[in-house]
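*Asks:* Pasting work.cif below, which is mmCIF, C-alpha atoms.
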```cif
data_model
loop_
_atom_site.label_atom_id
_atom_site.label_comp_id
_atom_site.auth_asym_id
_atom_site.auth_seq_id
_atom_site.Cartn_x
_atom_site.Cartn_y
_atom_site.Cartn_z
CA MET A 787 0.00 0.00 0.00
CA GLN A 788 1.31 3.41 -0.98
CA THR A 789 2.10 5.96 1.73
CA VAL A 790 1.15 9.56 0.99
CA ASN A 791 2.42 12.33 3.22
CA ILE A 792 1.69 16.02 3.23
CA ILE A 793 4.62 17.74 4.89
CA CYS A 794 3.71 21.31 5.62
CA ILE A 795 4.73 24.40 7.51
CA GLY A 796 2.26 25.60 10.11
CA LYS A 797 -0.71 24.16 11.92
CA ILE A 798 -4.39 24.39 11.12
CA LYS A 799 -6.45 25.74 14.00
CA GLU A 800 -9.84 26.33 12.40
CA LYS A 801 -12.30 23.53 13.07
CA TYR A 802 -13.92 23.66 9.63
CA TRP A 803 -10.57 22.99 7.89
CA THR A 804 -9.59 20.21 10.29
CA GLU A 805 -13.01 18.57 9.86
CA ALA A 806 -12.71 18.68 6.05
CA ILE A 807 -9.25 17.13 6.19
CA ALA A 808 -10.45 14.49 8.66
CA GLU A 809 -13.21 13.46 6.26
CA TYR A 810 -10.80 13.01 3.34
CA ARG A 811 -8.26 11.28 5.62
CA LYS A 812 -10.97 8.75 6.53
CA ARG A 813 -11.83 8.20 2.87
CA LEU A 814 -8.17 7.87 1.89
CA SER A 815 -7.65 5.04 4.38
CA ALA A 816 -9.18 2.67 1.83
CA PHE A 817 -6.45 3.51 -0.70
CA CYS A 818 -3.24 4.46 1.10
CA LYS A 819 -1.54 5.26 4.35
CA PHE A 820 -2.08 9.01 4.67
CA ASN A 821 -0.19 11.31 7.01
CA ILE A 822 0.08 15.02 7.58
CA VAL A 823 3.31 16.23 9.15
CA GLU A 824 3.02 19.79 10.47
CA LEU A 825 6.28 21.62 11.07
CA ASP A 826 6.79 24.86 12.98
CA GLU A 827 6.60 28.10 11.06
CA GLU A 828 9.42 30.58 11.48
CA LYS A 829 8.24 33.82 13.04
CA ALA A 830 8.97 37.04 11.18
CA GLN A 831 9.24 40.39 12.92
CA GLY A 832 7.22 43.13 11.23
CA ASN A 833 7.95 43.47 7.51
CA PRO A 834 11.00 41.24 6.88
CA ASN A 835 13.59 42.17 4.28
CA ASP A 836 14.92 39.80 1.62
CA SER A 837 17.73 38.56 3.85
CA GLN A 838 15.34 37.76 6.69
CA ILE A 839 12.97 35.99 4.29
CA GLY A 840 15.94 33.95 3.02
CA SER A 841 16.74 32.93 6.59
CA ILE A 842 13.12 31.95 7.20
CA LEU A 843 13.04 29.85 4.01
CA SER A 844 16.34 28.21 4.90
CA ALA A 845 15.26 27.26 8.43
CA GLU A 846 11.89 25.91 7.27
CA GLY A 847 13.56 24.15 4.34
CA LYS A 848 15.95 22.31 6.65
CA ARG A 849 13.04 21.07 8.75
CA ILE A 850 11.21 19.90 5.61
CA LEU A 851 14.26 18.14 4.17
CA SER A 852 14.84 16.32 7.47
CA LYS A 853 11.41 14.66 7.07
CA LEU A 854 12.04 13.31 3.56
CA SER A 855 13.39 9.84 3.00
CA ASN A 856 15.78 9.10 0.16
CA ASN A 857 13.29 6.79 -1.53
CA SER A 858 10.32 9.19 -1.47
CA TYR A 859 8.88 10.74 -4.60
CA VAL A 860 8.67 14.42 -3.64
CA ILE A 861 6.09 16.81 -5.05
CA ALA A 862 6.69 20.45 -4.13
CA MET A 863 3.62 22.63 -4.16
CA CYS A 864 4.73 25.93 -5.64
CA ILE A 865 3.38 28.67 -7.87
CA GLU A 866 5.91 27.95 -10.62
CA GLY A 867 4.91 24.29 -10.69
CA LYS A 868 2.92 22.61 -13.42
CA GLN A 869 -0.85 22.60 -13.22
CA LEU A 870 -2.44 19.18 -13.69
CA SER A 871 -6.00 18.06 -14.17
CA SER A 872 -7.38 15.58 -11.64
CA PRO A 873 -6.96 12.67 -14.09
CA GLU A 874 -3.37 13.76 -14.77
CA LEU A 875 -2.61 13.77 -11.03
CA ALA A 876 -4.16 10.29 -10.79
CA ASP A 877 -1.91 9.12 -13.64
CA ARG A 878 1.16 10.66 -11.99
CA LEU A 879 0.48 8.91 -8.68
CA ALA A 880 -0.14 5.62 -10.51
CA ASP A 881 3.11 6.03 -12.45
CA VAL A 882 5.01 6.72 -9.21
CA ALA A 883 3.60 3.52 -7.68
CA LEU A 884 4.49 1.51 -10.79
CA SER A 885 8.04 2.88 -10.70
CA GLY A 886 8.52 1.22 -7.31
CA LYS A 887 8.23 4.31 -5.12
CA SER A 888 5.96 3.47 -2.23
CA ASN A 889 6.18 6.89 -0.56
CA VAL A 890 4.90 10.15 -2.02
CA ASP A 891 5.63 13.34 -0.10
CA PHE A 892 3.71 16.49 -0.99
CA ILE A 893 5.37 19.63 0.39
CA ILE A 894 3.51 22.83 1.30
CA GLY A 895 5.75 25.67 2.44
CA GLY A 896 5.04 28.55 4.75
CA SER A 897 3.80 32.00 3.85
CA TRP A 898 7.04 32.80 2.02
CA GLY A 899 7.02 29.60 -0.03
CA LEU A 900 9.73 26.95 -0.29
CA SER A 901 13.51 27.19 -0.19
CA ASP A 902 15.51 26.52 -3.34
CA GLU A 903 16.94 23.42 -1.63
CA VAL A 904 13.47 21.92 -1.15
CA LYS A 905 12.52 22.73 -4.75
CA ALA A 906 15.77 21.13 -5.97
CA ARG A 907 14.99 17.94 -4.00
CA ALA A 908 11.52 17.70 -5.55
CA ASN A 909 10.91 15.18 -8.30
CA PHE A 910 8.00 17.28 -9.51
CA LYS A 911 6.70 20.79 -8.90
CA LEU A 912 2.91 21.12 -8.78
CA SER A 913 0.75 24.23 -8.73
CA ILE A 914 -2.87 24.05 -7.60
CA SER A 915 -3.76 27.23 -9.43
CA LYS A 916 -2.43 30.58 -10.58
CA MET A 917 -4.66 32.04 -7.88
CA THR A 918 -3.44 32.47 -4.32
CA PHE A 919 -5.11 30.48 -1.53
CA PRO A 920 -4.58 30.45 2.22
CA HIS A 921 -2.27 27.59 3.18
CA GLN A 922 -5.04 25.95 5.18
CA MET A 923 -7.34 25.92 2.16
CA ALA A 924 -4.53 24.66 -0.08
CA ARG A 925 -4.08 21.74 2.31
CA VAL A 926 -7.77 20.87 2.09
CA ILE A 927 -7.77 21.20 -1.71
CA LEU A 928 -4.67 19.03 -2.01
CA THR A 929 -6.10 16.37 0.32
CA GLU A 930 -9.32 16.29 -1.68
CA GLN A 931 -7.41 16.01 -4.96
CA ILE A 932 -5.30 13.13 -3.62
CA TYR A 933 -8.52 11.35 -2.66
CA ARG A 934 -10.01 12.13 -6.08
CA ALA A 935 -6.88 10.74 -7.76
CA PHE A 936 -7.27 7.41 -5.97
CA GLU A 937 -10.97 7.33 -6.83
CA ILE A 938 -10.10 7.93 -10.50
CA GLN A 939 -7.53 5.13 -10.40
CA SER A 940 -10.13 2.73 -8.99
CA ASN A 941 -12.88 3.82 -11.42
CA GLY A 942 -14.90 5.11 -8.49
CA LYS A 943 -18.01 7.23 -8.81
CA TYR A 944 -16.64 10.23 -6.89
CA HIS A 945 -15.03 11.88 -9.90
CA LYS A 946 -18.16 11.88 -12.06
#
```
Write out the structure in this file as structure tokens.
*Replies:*
Amino acid sequence: MQTVNIICIGKIKEKYWTEAIAEYRKRLSAFCKFNIVELDEEKAQGNPNDSQIGSILSAEGKRILSKLSNNSYVIAMCIEGKQLSSPELADRLADVALSGKSNVDFIIGGSWGLSDEVKARANFKLSISKMTFPHQMARVILTEQIYRAFEIQSNGKYHK
């Protein structure tokens, strides 16, 4: 059984987001081992300059990289990533499984994004949309799309 992890910066506090994720987590249990790993967000003082933002990205990036295993297929969620349809994401996850990778790690950065080191480690860069979403909403959207991908792979009715 494939293991799918979302490794992300920050915690979700709002009940409506956590309930949505819990529902998809329950549904995903039929298809994969699903985990969300929440890492601490670096605190910025006031309006940080480019150097401070670089330090934030570096510190968060190190924490993210420490959670990745060498044999994971890593998908970095970033604005410059490729946009995929739901069936294309399903195909990508199926191809990863067929290639022998049993772990897929999706990475969601903090409010400043992802460090260059994390992006370089990624096997694929994915963008949800050209629009900007709160990180909490992006996590829900991603979790739903992962569930949809498994439903597509199994010819389920959910995607109709």
*Asks:* Spell out the residues picked by the PyMOL selection byres ((chain A and resi 902-909) around 9) here, as a ChimeraX atom specification.
*Replies:* /A:843-844,847-848,850-851,859-864,893,900-901,910-911
*Asks:* Can you list, as a PyMOL selection string, the residues that the PyMOL selection byres ((chain A and resi 878) around 12) selects here?
*Replies:* chain A and resi 859-861+870-877+879-885+887+890+909-912+932+935-936+938-939
*Asks:* To one decimal place in Å, what is the distance between CA of Phe919 in chain A and CA of Asn821 in chain A?
*Replies:*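 Taking CA of Phe919 in chain A and CA of Asn821 in chain A, their separation equals 21.6 Å.
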*Asks:* So how far away is CA of Gln922 in chain A from CA of Lys799 in chain A, in Å?
*Replies:* 8.9 Å
*Asks:* Padding 8 Å on every side, please: axis-aligned box over the listed atoms of range 869-884 of chain A, centre and edge lengths to one decimal in Å, as AutoDock Vina command-line options.
*Replies:*
```
--center_x -1.2 --center_y 12.1 --center_z -11.2 --size_x 28.4 --size_y 37.1 --size_z 23.1
```
*Asks:* Show which residues sit within 12 Å of Glu930 in chain A, as a PDB file with C-alpha atoms, in the coordinates of the input. Count all atoms listed in the file, and ignore same-chain residues fewer than 5 positions away.
*Replies:*
```pdb
ATOM      1  CA  TRP A 803     -10.570  22.990   7.890  1.00  0.00           C
ATOM      2  CA  ALA A 806     -12.710  18.680   6.050  1.00  0.00           C
ATOM      3  CA  ILE A 807      -9.250  17.130   6.190  1.00  0.00           C
ATOM      4  CA  ALA A 808     -10.450  14.490   8.660  1.00  0.00           C
ATOM      5  CA  GLU A 809     -13.210  13.460   6.260  1.00  0.00           C
ATOM      6  CA  TYR A 810     -10.800  13.010   3.340  1.00  0.00           C
ATOM      7  CA  ARG A 811      -8.260  11.280   5.620  1.00  0.00           C
ATOM      8  CA  LYS A 812     -10.970   8.750   6.530  1.00  0.00           C
ATOM      9  CA  ARG A 813     -11.830   8.200   2.870  1.00  0.00           C
ATOM     10  CA  LEU A 814      -8.170   7.870   1.890  1.00  0.00           C
ATOM     11  CA  SER A 872      -7.380  15.580 -11.640  1.00  0.00           C
ATOM     12  CA  LEU A 875      -2.610  13.770 -11.030  1.00  0.00           C
ATOM     13  CA  ILE A 914      -2.870  24.050  -7.600  1.00  0.00           C
ATOM     14  CA  MET A 923      -7.340  25.920   2.160  1.00  0.00           C
ATOM     15  CA  ALA A 924      -4.530  24.660  -0.080  1.00  0.00           C
ATOM     16  CA  ARG A 925      -4.080  21.740   2.310  1.00  0.00           C
ATOM     17  CA  ALA A 935      -6.880  10.740  -7.760  1.00  0.00           C
ATOM     18  CA  PHE A 936      -7.270   7.410  -5.970  1.00  0.00           C
ATOM     19  CA  GLU A 937     -10.970   7.330  -6.830  1.00  0.00           C
ATOM     20  CA  TYR A 944     -16.640  10.230  -6.890  1.00  0.00           C
ATOM     21  CA  HIS A 945     -15.030  11.880  -9.900  1.00  0.00           C
TER      22      HIS A 945
END
```
*Asks:* Please report the interatomic distance between CA of Ile793 in chain A and CA of Asn941 in chain A in Å with one decimal.
*Replies:*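 Going from CA of Ile793 in chain A over to CA of Asn941 in chain A, I get 27.7 Å.
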*Asks:* So that I can check the surroundings of range 827-838 of chain A, please list as a list of chain:residue names every protein, DNA and RNA residue that reaches within 7 Å of it, counting all atoms listed in the file and ignoring chain neighbours fewer than 6 positions away.
*Replies:* A:Ile795, A:Gly796, A:Glu846, A:Gly896
*Asks:* Considering only C-alpha atoms, state which residue in the set A:Leu825, A:Phe820, A:Tyr933, A:Glu866 is at the smallest distance from Arg849 in chain A.
*Replies:* A:Leu825
*Asks:* Complete the atom set of range 808-819 of chain A to all heavy atoms and return it as a short mmCIF file (atom, residue, chain, number, x, y, z; two decimals), keeping the file's coordinate frame.
*Replies:*
```cif
data_model
loop_
_atom_site.label_atom_id
_atom_site.label_comp_id
_atom_site.auth_asym_id
_atom_site.auth_seq_id
_atom_site.Cartn_x
_atom_site.Cartn_y
_atom_site.Cartn_z
N ALA A 808 -10.14 15.76 7.99
CA ALA A 808 -10.45 14.49 8.66
C ALA A 808 -11.36 13.62 7.80
O ALA A 808 -11.19 12.39 7.75
CB ALA A 808 -11.09 14.75 10.03
N GLU A 809 -12.31 14.23 7.12
CA GLU A 809 -13.21 13.46 6.26
C GLU A 809 -12.44 12.82 5.10
O GLU A 809 -12.61 11.63 4.81
CB GLU A 809 -14.31 14.37 5.69
CG GLU A 809 -15.24 13.68 4.71
CD GLU A 809 -16.01 12.50 5.29
OE1 GLU A 809 -16.28 12.47 6.52
OE2 GLU A 809 -16.34 11.58 4.51
N TYR A 810 -11.57 13.58 4.44
CA TYR A 810 -10.80 13.01 3.34
C TYR A 810 -9.76 12.01 3.85
O TYR A 810 -9.48 11.01 3.18
CB TYR A 810 -10.16 14.10 2.48
CG TYR A 810 -11.21 14.84 1.69
CD1 TYR A 810 -11.47 16.17 1.96
CD2 TYR A 810 -11.97 14.19 0.72
CE1 TYR A 810 -12.46 16.85 1.25
CE2 TYR A 810 -12.96 14.86 0.03
CZ TYR A 810 -13.20 16.19 0.29
OH TYR A 810 -14.18 16.84 -0.40
N ARG A 811 -9.20 12.24 5.02
CA ARG A 811 -8.26 11.28 5.62
C ARG A 811 -8.96 9.93 5.82
O ARG A 811 -8.40 8.89 5.51
CB ARG A 811 -7.74 11.81 6.95
CG ARG A 811 -6.76 10.88 7.65
CD ARG A 811 -6.47 11.30 9.08
NE ARG A 811 -6.04 12.65 9.23
CZ ARG A 811 -4.75 13.03 9.31
NH1 ARG A 811 -3.80 12.12 9.26
NH2 ARG A 811 -4.43 14.29 9.45
N LYS A 812 -10.19 9.97 6.32
CA LYS A 812 -10.97 8.75 6.53
C LYS A 812 -11.20 8.04 5.19
O LYS A 812 -11.00 6.83 5.07
CB LYS A 812 -12.30 9.09 7.20
CG LYS A 812 -13.18 7.90 7.51
CD LYS A 812 -14.42 8.32 8.29
CE LYS A 812 -15.37 9.03 7.35
NZ LYS A 812 -16.66 9.39 7.95
N ARG A 813 -11.59 8.79 4.19
CA ARG A 813 -11.83 8.20 2.87
C ARG A 813 -10.54 7.64 2.26
O ARG A 813 -10.57 6.60 1.60
CB ARG A 813 -12.42 9.24 1.92
CG ARG A 813 -13.80 9.72 2.31
CD ARG A 813 -14.29 10.74 1.32
NE ARG A 813 -15.55 11.35 1.74
CZ ARG A 813 -16.27 12.12 0.96
NH1 ARG A 813 -15.88 12.38 -0.27
NH2 ARG A 813 -17.40 12.65 1.39
N LEU A 814 -9.44 8.32 2.46
CA LEU A 814 -8.17 7.87 1.89
C LEU A 814 -7.68 6.57 2.52
O LEU A 814 -6.89 5.86 1.90
CB LEU A 814 -7.10 8.95 2.06
CG LEU A 814 -7.10 10.04 1.01
CD1 LEU A 814 -6.29 11.24 1.46
CD2 LEU A 814 -6.57 9.50 -0.31
N SER A 815 -8.13 6.24 3.71
CA SER A 815 -7.65 5.04 4.38
C SER A 815 -7.94 3.77 3.59
O SER A 815 -7.28 2.75 3.78
CB SER A 815 -8.23 4.94 5.80
OG SER A 815 -9.63 4.72 5.74
N ALA A 816 -8.89 3.83 2.68
CA ALA A 816 -9.18 2.67 1.83
C ALA A 816 -8.14 2.48 0.73
O ALA A 816 -8.04 1.41 0.14
CB ALA A 816 -10.57 2.83 1.19
N PHE A 817 -7.37 3.54 0.44
CA PHE A 817 -6.45 3.51 -0.70
C PHE A 817 -4.97 3.58 -0.33
O PHE A 817 -4.13 3.08 -1.07
CB PHE A 817 -6.74 4.70 -1.63
CG PHE A 817 -8.13 4.72 -2.18
CD1 PHE A 817 -9.06 5.62 -1.71
CD2 PHE A 817 -8.51 3.82 -3.17
CE1 PHE A 817 -10.35 5.65 -2.23
CE2 PHE A 817 -9.79 3.84 -3.69
CZ PHE A 817 -10.72 4.76 -3.22
N CYS A 818 -4.65 4.23 0.77
CA CYS A 818 -3.24 4.46 1.10
C CYS A 818 -3.09 4.74 2.59
O CYS A 818 -4.08 4.94 3.29
CB CYS A 818 -2.70 5.64 0.29
SG CYS A 818 -3.41 7.25 0.73
N LYS A 819 -1.86 4.76 3.02
CA LYS A 819 -1.54 5.26 4.35
C LYS A 819 -1.34 6.76 4.16
O LYS A 819 -0.49 7.18 3.36
CB LYS A 819 -0.28 4.61 4.90
CG LYS A 819 -0.43 3.14 5.15
CD LYS A 819 0.88 2.54 5.62
CE LYS A 819 0.76 1.04 5.72
NZ LYS A 819 2.04 0.39 5.94
#
```
